[in-house]
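Enquirer: This one is my_file_23.txt, compact mmCIF, C-alpha atoms (C1' of nucleotides).
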# COMPACT_ATOMS: atom_id res chain seq x y z
CA MET F 50 0.00 0.00 0.00
CA GLY F 51 1.46 3.34 -1.06
CA PRO F 52 0.98 6.46 0.97
CA MET F 53 -2.64 7.60 0.97
CA LYS F 54 -2.78 10.84 -0.88
CA ALA F 55 -5.31 13.29 0.46
CA PRO F 56 -8.19 13.67 -1.94
CA ARG F 57 -8.85 17.15 -3.14
CA PRO F 58 -11.24 18.82 -0.72
CA GLN F 59 -14.58 20.03 -1.93
CA PRO F 60 -14.46 23.73 -2.72
CA THR F 61 -16.62 25.99 -0.60
CA ARG F 62 -19.13 28.35 -2.07
CA SER F 63 -16.76 31.24 -2.63
CA GLU F 64 -13.88 29.02 -3.58
CA LEU F 65 -16.05 27.63 -6.32
CA SER F 66 -16.81 31.10 -7.59
CA LEU F 67 -13.08 31.71 -7.94
CA LEU F 68 -12.54 28.38 -9.60
CA ARG F 69 -15.16 29.28 -12.16
CA VAL F 70 -13.25 32.43 -12.97
CA LEU F 71 -10.02 30.49 -13.27
CA TRP F 72 -11.62 27.95 -15.56
CA ARG F 73 -12.86 30.76 -17.75
CA LEU F 74 -9.72 32.88 -17.83
CA GLY F 75 -7.00 30.31 -17.44
CA PRO F 76 -3.96 31.12 -15.25
CA SER F 77 -4.32 34.68 -13.99
CA THR F 78 -3.08 37.22 -11.53
CA VAL F 79 -5.06 38.21 -8.49
CA ARG F 80 -5.75 41.51 -10.20
CA ALA F 81 -7.27 39.88 -13.25
CA ILE F 82 -9.31 37.49 -11.17
CA HIS F 83 -10.55 40.27 -8.96
CA ASP F 84 -11.52 42.41 -11.92
CA GLU F 85 -13.39 39.57 -13.53
CA LEU F 86 -15.21 38.58 -10.38
CA SER F 87 -16.09 42.20 -9.68
CA ARG F 88 -18.23 42.20 -12.77
CA GLU F 89 -20.70 39.89 -11.07
CA ARG F 90 -20.44 40.95 -7.46
CA GLU F 91 -18.66 43.43 -5.27
CA VAL F 92 -15.67 41.97 -3.53
CA GLY F 93 -12.48 43.33 -1.97
CA TYR F 94 -9.12 42.75 -3.58
CA THR F 95 -7.57 41.24 -0.48
CA THR F 96 -10.56 38.97 -0.09
CA VAL F 97 -9.76 37.41 -3.41
CA LEU F 98 -6.09 37.24 -2.56
CA LYS F 99 -6.71 35.54 0.76
CA LEU F 100 -9.07 33.05 -0.79
CA LEU F 101 -6.54 32.16 -3.44
CA GLN F 102 -3.91 31.61 -0.76
CA ILE F 103 -6.24 29.30 1.11
CA MET F 104 -7.13 27.46 -2.05
CA THR F 105 -3.46 26.99 -2.79
CA GLU F 106 -2.93 25.47 0.64
CA LYS F 107 -5.82 23.12 0.05
CA GLY F 108 -4.51 22.09 -3.32
CA LEU F 109 -7.38 23.56 -5.29
CA CYS F 110 -5.00 25.77 -7.21
CA ALA F 111 -1.30 26.41 -7.61
CA ARG F 112 0.68 29.56 -8.07
CA ASP F 113 3.66 30.70 -10.00
CA GLU F 114 5.67 33.14 -7.94
CA SER F 115 8.33 33.83 -10.52
CA ARG F 116 6.92 37.24 -11.17
CA ARG F 117 6.04 39.82 -8.63
CA SER F 118 2.36 39.41 -9.35
CA HIS F 119 1.78 35.78 -8.66
CA VAL F 120 -0.08 33.81 -11.25
CA TYR F 121 -2.68 31.33 -10.07
CA ARG F 122 -4.04 28.39 -11.98
CA ALA F 123 -6.74 25.92 -11.07
CA LEU F 124 -5.67 22.43 -10.08
CA ALA F 125 -9.19 21.19 -9.56
CA GLY F 126 -10.65 20.42 -12.95
CA GLU F 127 -14.08 21.60 -13.92
CA ASP F 128 -15.54 18.21 -14.72
CA GLU F 129 -13.93 16.61 -11.71
CA THR F 130 -15.34 19.30 -9.44
CA GLN F 131 -18.78 19.11 -10.95
CA ARG F 132 -18.87 15.37 -10.46
CA GLN F 133 -17.66 15.74 -6.92
CA LEU F 134 -20.41 18.20 -6.09
CA LEU F 135 -23.01 16.08 -7.80
CA GLY F 136 -21.87 13.00 -5.97
CA ASP F 137 -22.18 14.78 -2.69
CA LEU F 138 -25.64 16.08 -3.48
CA LEU F 139 -26.63 12.65 -4.69
CA ASP F 140 -25.76 11.17 -1.32
CA ARG F 141 -27.25 13.92 0.75
CA ALA F 142 -30.52 14.46 -1.02
CA PHE F 143 -31.25 11.71 -3.51
CA GLU F 144 -30.30 8.56 -1.66
CA GLY F 145 -27.76 7.89 -4.35
CA SER F 146 -30.29 7.60 -7.14
CA SER F 147 -29.00 9.43 -10.18
CA LYS F 148 -32.27 8.69 -11.90
CA LYS F 149 -34.15 10.76 -9.32
CA LEU F 150 -31.62 13.51 -9.62
CA VAL F 151 -31.73 13.66 -13.37
CA MET F 152 -35.49 13.60 -13.48
CA GLN F 153 -35.80 16.41 -10.97
CA ALA F 154 -33.22 18.43 -12.81
CA LEU F 155 -34.99 18.05 -16.11
CA ALA F 156 -38.39 18.71 -14.65
CA ALA F 157 -37.26 21.80 -12.81
CA GLN F 158 -35.02 23.40 -15.40
CA PRO F 159 -36.28 22.52 -18.84
CA ALA F 160 -33.59 22.29 -21.47
CA SER F 161 -33.94 23.20 -25.11
CA LYS F 162 -34.92 20.68 -27.74
CA GLU F 163 -31.36 20.51 -28.97
CA GLU F 164 -30.05 19.86 -25.53
CA LEU F 165 -32.61 17.17 -24.94
CA ALA F 166 -31.43 15.51 -28.13
CA GLU F 167 -27.85 15.54 -26.91
CA ILE F 168 -28.88 14.01 -23.65
CA ARG F 169 -30.80 11.35 -25.48
CA GLN F 170 -27.73 10.53 -27.47
CA LEU F 171 -25.69 10.08 -24.33
CA LEU F 172 -28.46 7.89 -22.99
CA ASP F 173 -28.17 5.70 -26.07
CA GLU F 174 -24.47 5.27 -25.60
CA LEU F 175 -24.93 4.37 -21.98
CA SER F 176 -27.64 1.85 -22.77
CA ARG F 177 -25.40 0.22 -25.30
CA GLY F 178 -22.57 -0.11 -22.85
CA GLU F 179 -24.97 -1.37 -20.23
CA LYS F 180 -26.41 -4.11 -22.38
CA MET T 176 -48.55 43.48 -4.90
CA GLY T 177 -49.29 41.32 -1.87
CA PRO T 178 -46.90 40.93 1.01
CA MET T 179 -43.73 39.13 0.01
CA LYS T 180 -43.68 35.86 1.83
CA ALA T 181 -40.25 34.67 2.84
CA PRO T 182 -39.19 31.72 0.74
CA ARG T 183 -38.29 28.61 2.64
CA PRO T 184 -34.59 28.73 3.41
CA GLN T 185 -32.32 26.09 2.03
CA PRO T 186 -31.71 23.38 4.60
CA THR T 187 -28.16 22.99 5.83
CA ARG T 188 -26.32 19.71 5.69
CA SER T 189 -27.56 18.36 8.99
CA GLU T 190 -31.01 19.83 8.59
CA LEU T 191 -31.28 17.91 5.38
CA SER T 192 -30.34 14.70 7.12
CA LEU T 193 -33.21 15.24 9.53
CA LEU T 194 -35.61 16.09 6.74
CA ARG T 195 -34.73 12.83 5.07
CA VAL T 196 -35.68 10.98 8.22
CA LEU T 197 -38.93 12.90 8.45
CA TRP T 198 -39.77 12.16 4.84
CA ARG T 199 -39.17 8.49 5.51
CA LEU T 200 -40.97 8.18 8.83
CA GLY T 201 -43.63 10.82 8.55
CA PRO T 202 -44.51 12.93 11.63
CA SER T 203 -42.42 11.69 14.54
CA THR T 204 -41.21 12.47 18.01
CA VAL T 205 -37.68 13.54 18.71
CA ARG T 206 -37.07 10.14 20.19
CA ALA T 207 -38.12 8.31 17.07
CA ILE T 208 -36.14 10.63 14.83
CA HIS T 209 -33.08 10.28 17.00
CA ASP T 210 -33.34 6.51 17.04
CA GLU T 211 -33.69 6.38 13.30
CA LEU T 212 -30.82 8.74 12.64
CA SER T 213 -28.64 6.87 15.12
CA ARG T 214 -28.73 3.89 12.82
CA GLU T 215 -26.59 5.72 10.32
CA ARG T 216 -24.42 7.90 12.52
CA GLU T 217 -23.79 8.65 16.16
CA VAL T 218 -25.57 11.75 17.33
CA GLY T 219 -26.72 13.13 20.68
CA TYR T 220 -30.38 13.31 21.56
CA THR T 221 -30.30 17.00 22.39
CA THR T 222 -28.48 17.69 19.16
CA VAL T 223 -31.45 16.35 17.25
CA LEU T 224 -33.85 18.24 19.48
CA LYS T 225 -32.04 21.52 19.02
CA LEU T 226 -31.86 21.09 15.30
CA LEU T 227 -35.58 20.40 15.12
CA GLN T 228 -36.27 23.55 17.11
CA ILE T 229 -34.16 25.58 14.73
CA MET T 230 -35.81 24.00 11.74
CA THR T 231 -39.19 24.86 13.18
CA GLU T 232 -38.16 28.48 13.52
CA LYS T 233 -36.99 28.49 9.94
CA GLY T 234 -40.20 26.97 8.72
CA LEU T 235 -38.64 23.74 7.52
CA CYS T 236 -40.85 21.75 9.84
CA ALA T 237 -43.73 22.25 12.25
CA ARG T 238 -44.52 20.68 15.57
CA ASP T 239 -47.54 19.50 17.40
CA GLU T 240 -47.19 20.28 21.09
CA SER T 241 -50.45 18.78 22.19
CA ARG T 242 -48.67 15.86 23.77
CA ARG T 243 -45.77 16.00 26.10
CA SER T 244 -43.48 14.54 23.49
CA HIS T 245 -43.76 17.00 20.65
CA VAL T 246 -44.41 15.59 17.23
CA TYR T 247 -42.52 17.09 14.32
CA ARG T 248 -43.44 16.95 10.67
CA ALA T 249 -41.65 18.23 7.60
CA LEU T 250 -42.99 21.35 5.95
CA ALA T 251 -40.38 21.36 3.22
CA GLY T 252 -41.39 18.80 0.63
CA GLU T 253 -38.91 16.32 -0.73
CA ASP T 254 -39.30 17.25 -4.37
CA GLU T 255 -39.35 20.94 -3.61
CA THR T 256 -36.17 20.64 -1.59
CA GLN T 257 -34.42 18.56 -4.18
CA ARG T 258 -35.25 21.08 -6.86
CA GLN T 259 -34.08 23.89 -4.65
CA LEU T 260 -30.74 22.22 -4.05
CA LEU T 261 -30.34 21.37 -7.70
CA GLY T 262 -31.17 24.89 -8.74
CA ASP T 263 -28.55 26.21 -6.41
CA LEU T 264 -25.91 23.81 -7.65
CA LEU T 265 -26.88 24.59 -11.21
CA ASP T 266 -26.13 28.25 -10.64
CA ARG T 267 -22.97 27.73 -8.67
CA ALA T 268 -21.27 25.08 -10.72
CA PHE T 269 -22.96 24.60 -14.08
CA GLU T 270 -23.63 28.12 -15.25
CA GLY T 271 -27.31 27.28 -15.27
CA SER T 272 -27.02 24.58 -17.91
CA SER T 273 -29.15 21.64 -16.89
CA LYS T 274 -27.80 19.77 -19.87
CA LYS T 275 -24.28 19.91 -18.46
CA LEU T 276 -25.53 18.87 -15.09
CA VAL T 277 -27.51 15.92 -16.37
CA MET T 278 -24.70 14.72 -18.56
CA GLN T 279 -22.19 14.86 -15.73
CA ALA T 280 -24.59 13.09 -13.44
CA LEU T 281 -25.19 10.30 -15.91
CA ALA T 282 -21.55 9.97 -16.78
CA ALA T 283 -20.43 9.87 -13.18
CA GLN T 284 -23.11 7.67 -11.64
CA PRO T 285 -24.33 5.24 -14.24
CA ALA T 286 -27.95 4.24 -13.87
CA SER T 287 -29.44 0.87 -14.69
CA LYS T 288 -30.94 0.11 -18.07
CA GLU T 289 -34.42 0.38 -16.65
CA GLU T 290 -33.71 3.73 -15.15
CA LEU T 291 -32.24 4.97 -18.38
CA ALA T 292 -35.43 3.93 -20.10
CA GLU T 293 -37.50 5.93 -17.65
CA ILE T 294 -35.36 8.96 -18.19
CA ARG T 295 -35.71 8.56 -21.91
CA GLN T 296 -39.44 8.49 -21.53
CA LEU T 297 -39.39 11.74 -19.59
CA LEU T 298 -37.18 13.17 -22.29
CA ASP T 299 -39.78 12.27 -24.88
CA GLU T 300 -42.51 14.01 -22.96
CA LEU T 301 -40.41 17.09 -22.59
CA SER T 302 -39.53 17.16 -26.27
CA ARG T 303 -43.17 16.94 -27.15
CA GLY T 304 -44.08 19.83 -24.90
CA GLU T 305 -41.13 21.78 -26.23
CA LYS T 306 -42.09 21.37 -29.87
C1' DG X 289 16.22 58.97 -5.37
C1' DC X 290 11.55 59.52 -3.69
C1' DA X 291 6.75 59.43 -3.72
C1' DT X 292 3.13 56.69 -5.29
C1' DA X 293 0.88 52.72 -6.82
C1' DA X 294 0.53 47.84 -6.68
C1' DG X 295 1.37 43.58 -4.49
C1' DT X 296 1.72 40.08 -0.57
C1' DG X 297 1.17 38.40 4.15
C1' DC X 298 -0.95 38.38 8.52
C1' DG X 299 -4.37 38.39 11.70
C1' DA X 300 -8.60 38.95 13.33
C1' DA X 301 -13.66 39.93 13.48
C1' DG X 302 -18.21 38.25 12.70
C1' DG X 303 -21.41 34.92 11.03
C1' DC X 304 -23.42 30.59 10.64
C1' DC X 305 -23.45 25.59 11.75
C1' DT X 306 -23.02 21.88 14.70
C1' DT X 307 -22.78 19.86 18.85
C1' DC X 308 -23.85 19.00 23.40
C1' DG X 309 -24.05 19.84 28.70
C1' DT X 310 -26.92 21.22 32.16
C1' DA X 311 -31.06 22.78 34.35
C1' DG X 312 -35.67 22.54 35.03
C1' DA X 313 -40.33 20.57 34.08
C1' DT X 314 -43.32 16.63 33.62
C1' DG X 315 -45.16 12.09 33.91
C1' DG X 316 -45.33 7.07 35.62
C1' DG X 317 -44.68 3.43 38.73
C1' DT X 318 -44.83 1.78 43.51
C1' DA C 215 -45.94 11.12 48.06
C1' DC C 216 -41.52 10.06 46.03
C1' DC C 217 -38.07 8.61 42.83
C1' DC C 218 -36.57 7.87 38.33
C1' DA C 219 -36.89 8.19 33.50
C1' DT C 220 -38.06 11.30 29.89
C1' DC C 221 -38.64 15.55 27.87
C1' DT C 222 -37.89 20.54 26.62
C1' DA C 223 -35.34 24.87 26.88
C1' DC C 224 -31.30 27.49 27.04
C1' DG C 225 -26.83 28.77 26.32
C1' DA C 226 -22.47 28.32 24.94
C1' DA C 227 -18.20 26.32 22.90
C1' DG C 228 -15.68 25.34 18.82
C1' DG C 229 -15.18 25.04 13.96
C1' DC C 230 -15.19 26.65 9.46
C1' DC C 231 -16.11 30.38 6.05
C1' DT C 232 -15.94 34.88 4.56
C1' DT C 233 -14.41 39.22 4.61
C1' DC C 234 -11.30 42.79 5.04
C1' DG C 235 -7.98 46.28 7.37
C1' DC C 236 -3.32 47.13 8.12
C1' DA C 237 1.59 46.64 7.76
C1' DC C 238 5.28 45.70 4.98
C1' DT C 239 7.61 45.07 0.47
C1' DT C 240 8.54 46.01 -4.24
C1' DA C 241 8.30 48.17 -8.67
C1' DT C 242 7.33 52.65 -11.48
C1' DG C 243 7.43 57.33 -12.99
C1' DC C 244 9.02 61.83 -12.47
Using structure tokens, write down the structure that the file contains.
Expert:
Amino acid sequence: MGPMKAPRPQPTRSELSLLRVLWRLGPSTVRAIHDELSREREVGYTTVLKLLQIMTEKGLCARDESRRSHVYRALAGEDETQRQLLGDLLDRAFEGSSKKLVMQALAAQPASKEELAEIRQLLDELSRGEK
Amino acid sequence: MGPMKAPRPQPTRSELSLLRVLWRLGPSTVRAIHDELSREREVGYTTVLKLLQIMTEKGLCARDESRRSHVYRALAGEDETQRQLLGDLLDRAFEGSSKKLVMQALAAQPASKEELAEIRQLLDELSRGEK
DNA sequence: GCATAAGTGCGAAGGCCTTCGTAGATGGGT
DNA sequence: ACCCATCTACGAAGGCCTTCGCACTTATGC
């Protein structure tokens, strides 16, 4: 048995909002991240900085200190994070039934016809694999 | 415009775990809820009591005090709560795209063939309405 | 070179969540 | 009537999250 590596912790609410910015912009300075985030909500510069430092400690992102303005990049992937959050919600609120979850999601937030078609296609692939 | 009635707050992690018990058991005493919850994790009796009191204040449940042992019942419905949680996650992590959410959910937590069929059926209904 | 702007690090306040101990009230059995 | 088990109420501790002010450092422009 090798050493157990700590799984990436689940991002908190505000950490996730920073991750979303990072996913959108790619590696960025605090300044850039702050500016981008400020477009959707008011937030202090040092708040963003502090959060990024915490996220770096937790392994959610990494930073390049070679320049004076450090450059942060996400370590947590978007898909990985989404699946992590979904898995958690699945356990907490849907007794692990992804069918229930999917049906509630579709019922609550109707998707467009095109999107429904894409989902159907995925469904087909899954059924085939499942056969 | 009538008076704005406060929307039901989103249940916290542990509130949700109590709601799940209430949904399963129906109206119950603290004792019964505690016993049931104890089957899955260790928790103090007064912890459950306190949480139920808080939930009552928040409007997540209501209690009948006509007997000495108060009887609690959920006010937040299961479907309603699930949709609320999904909606929140949708905003926070999926940029509001239910398609992305559904596809990640299906990819991450494969459902059985039967379940996939049920989902497909729902999809058909939605497509029809969407036409 | 010096003032100013921009950047990082530190620490701490305040809020919410979770948990539970303890006190006091109430009912049941003998 | 009394004792014990059961119940509710209250408060508070501790943890994590979020936010930011302040001090210090480092580049930039005149």
Enquirer: Which chain F residues are at most 10 Å from chain T (counting all atoms listed in the file), as a count of residues only?
Expert: 57
Enquirer: In the coordinate frame of the file, compute which residues have an atom within 7 Å of (-37.1, 13.3, 12.1) when using all atoms listed in the file, and state them as a ChimeraX atom specification.
Expert: /T:193-194,196-197,203,205,208,247
Enquirer: For X:DG316, please output as a list in words all residues within 12 Å (counting all atoms listed in the file; exclusion window: fewer than 3 positions along the same chain).
Expert: DC216, DC217, DC218, DA219 and DT220 of chain C
Enquirer: With C-alpha atoms (C1' of nucleotides) retained, export the selected residues as a tab-separated table (two decimals), in the coordinates of the input.
Expert:
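For reference, result22.tsv as written:
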chain	number	residue	atom	x	y	z
C	216	DC	C1'	-41.52	10.06	46.03
C	217	DC	C1'	-38.07	8.61	42.83
C	218	DC	C1'	-36.57	7.87	38.33
C	219	DA	C1'	-36.89	8.19	33.50
C	220	DT	C1'	-38.06	11.30	29.89
Enquirer: Just how far from atom CA of F:Ile103 is atom CA of F:Ala81, in Å to one decimal?
Expert: 17.9 Å
Enquirer: To one decimal place in Å, what is the distance between atom CA of F:Cys110 and atom CA of T:Pro186?
Expert: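 Answer for the atom CA of F:Cys110 to atom CA of T:Pro186 separation: 29.3 Å.
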Enquirer: Residues within 12 Å of X:DA294, please, as a CSV table (one decimal) with C-alpha atoms (C1' of nucleotides), in the coordinates of the input. Count only C-alpha atoms (C1' of nucleotides); anything in the same chain fewer than 3 positions from it doesn't count.
Expert:
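As a result, part-v4.csv now contains:
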chain,number,residue,atom,x,y,z
F,79,VAL,CA,-5.1,38.2,-8.5
F,80,ARG,CA,-5.8,41.5,-10.2
F,94,TYR,CA,-9.1,42.8,-3.6
F,117,ARG,CA,6.0,39.8,-8.6
F,118,SER,CA,2.4,39.4,-9.4
C,239,DT,C1',7.6,45.1,0.5
C,240,DT,C1',8.5,46.0,-4.2
C,241,DA,C1',8.3,48.2,-8.7
C,242,DT,C1',7.3,52.6,-11.5
Enquirer: At what distance in Å, to one decimal, does atom CA of T:Leu224 lie from atom C1' of C:DC221?
Expert: 10.0 Å
Enquirer: Would you pick out the contacts of stretch 248-252 of chain T at 6 Å or less, using all atoms listed in the file, so that residues sharing its chain but fewer than 5 positions from it are not included, and give the list as a compact mmCIF listing (two decimals) with C-alpha atoms, in the frame of the given file?
Expert:
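This is the output file around_16.txt:
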# COMPACT_ATOMS: atom_id res chain seq x y z
CA PRO T 202 -44.51 12.93 11.63
CA LEU T 235 -38.64 23.74 7.52
CA CYS T 236 -40.85 21.75 9.84
CA ALA T 237 -43.73 22.25 12.25
Enquirer: If we count only C-alpha atoms (C1' of nucleotides) and set the cut-off at 12 Å, which residues sit around X:DA300, ignoring sequence neighbours fewer than 5 positions away in its own chain? Please answer as a list in words.
Expert: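 Near neighbours after the sequence-gap exclusion: DT233, DC234, DG235 and DC236 of chain C.
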Enquirer: How close does each residue of chain X get to chain T, giving the shortest atom pair and distance in Å to one decimal for every residue with an atom at most 12 Å away, counting all atoms listed in the file, sorted by chain and residue number, as CSV?
Expert:
residue,atom,partner,partner_atom,distance
X:DC304,C1',T:Thr187,CA,10.2
X:DC305,C1',T:Thr187,CA,8.0
X:DT306,C1',T:Ser189,CA,8.1
X:DT307,C1',T:Thr222,CA,6.1
X:DC308,C1',T:Thr222,CA,6.4
X:DG309,C1',T:Thr221,CA,9.3
X:DT310,C1',T:Thr221,CA,11.2
X:DA313,C1',T:Arg243,CA,10.7
X:DT314,C1',T:Arg243,CA,7.9
X:DG315,C1',T:Arg243,CA,8.8
Enquirer: From the options C:DT232, C:DA223, C:DA215, C:DG243, which residue's atoms come nearest to chain F, counting only C-alpha atoms (C1' of nucleotides)?
Expert: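 Of C:DT232, C:DA223, C:DA215, C:DG243, the one nearest chain F is C:DT232, counting only C-alpha atoms (C1' of nucleotides).
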Enquirer: From the list T:Gln228, T:Arg238, T:Asp263, T:Pro178, which residue is nearest C:DC224 when using all atoms listed in the file?
Expert: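 Once distances to C:DC224 are computed over all atoms listed in the file, the minimum belongs to T:Gln228.
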Enquirer: Determine the nearest neighbour of chain C from the options F:Met50, F:Asp113, F:Glu91, F:Leu86, counting all atoms listed in the file.
Expert: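 Of the candidates, the smallest distance to chain C is held by F:Glu91.
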Enquirer: Stretch 225-240 of chain C, all listed atoms, 8 Å padding on each side: what axis-aligned box centre and edge lengths in Å to one decimal come out, as AutoDock Vina command-line options?
Expert:
--center_x -9.1 --center_y 36.1 --center_z 11.0 --size_x 51.4 --size_y 38.1 --size_z 46.6
Enquirer: Please determine, counting all atoms listed in the file, which residue among F:Arg116, F:Glu174, F:Arg73, F:Asp84 has the shortest atom-to-atom distance to chain C.
Expert: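 Smallest separation from chain C among the options: F:Arg116.
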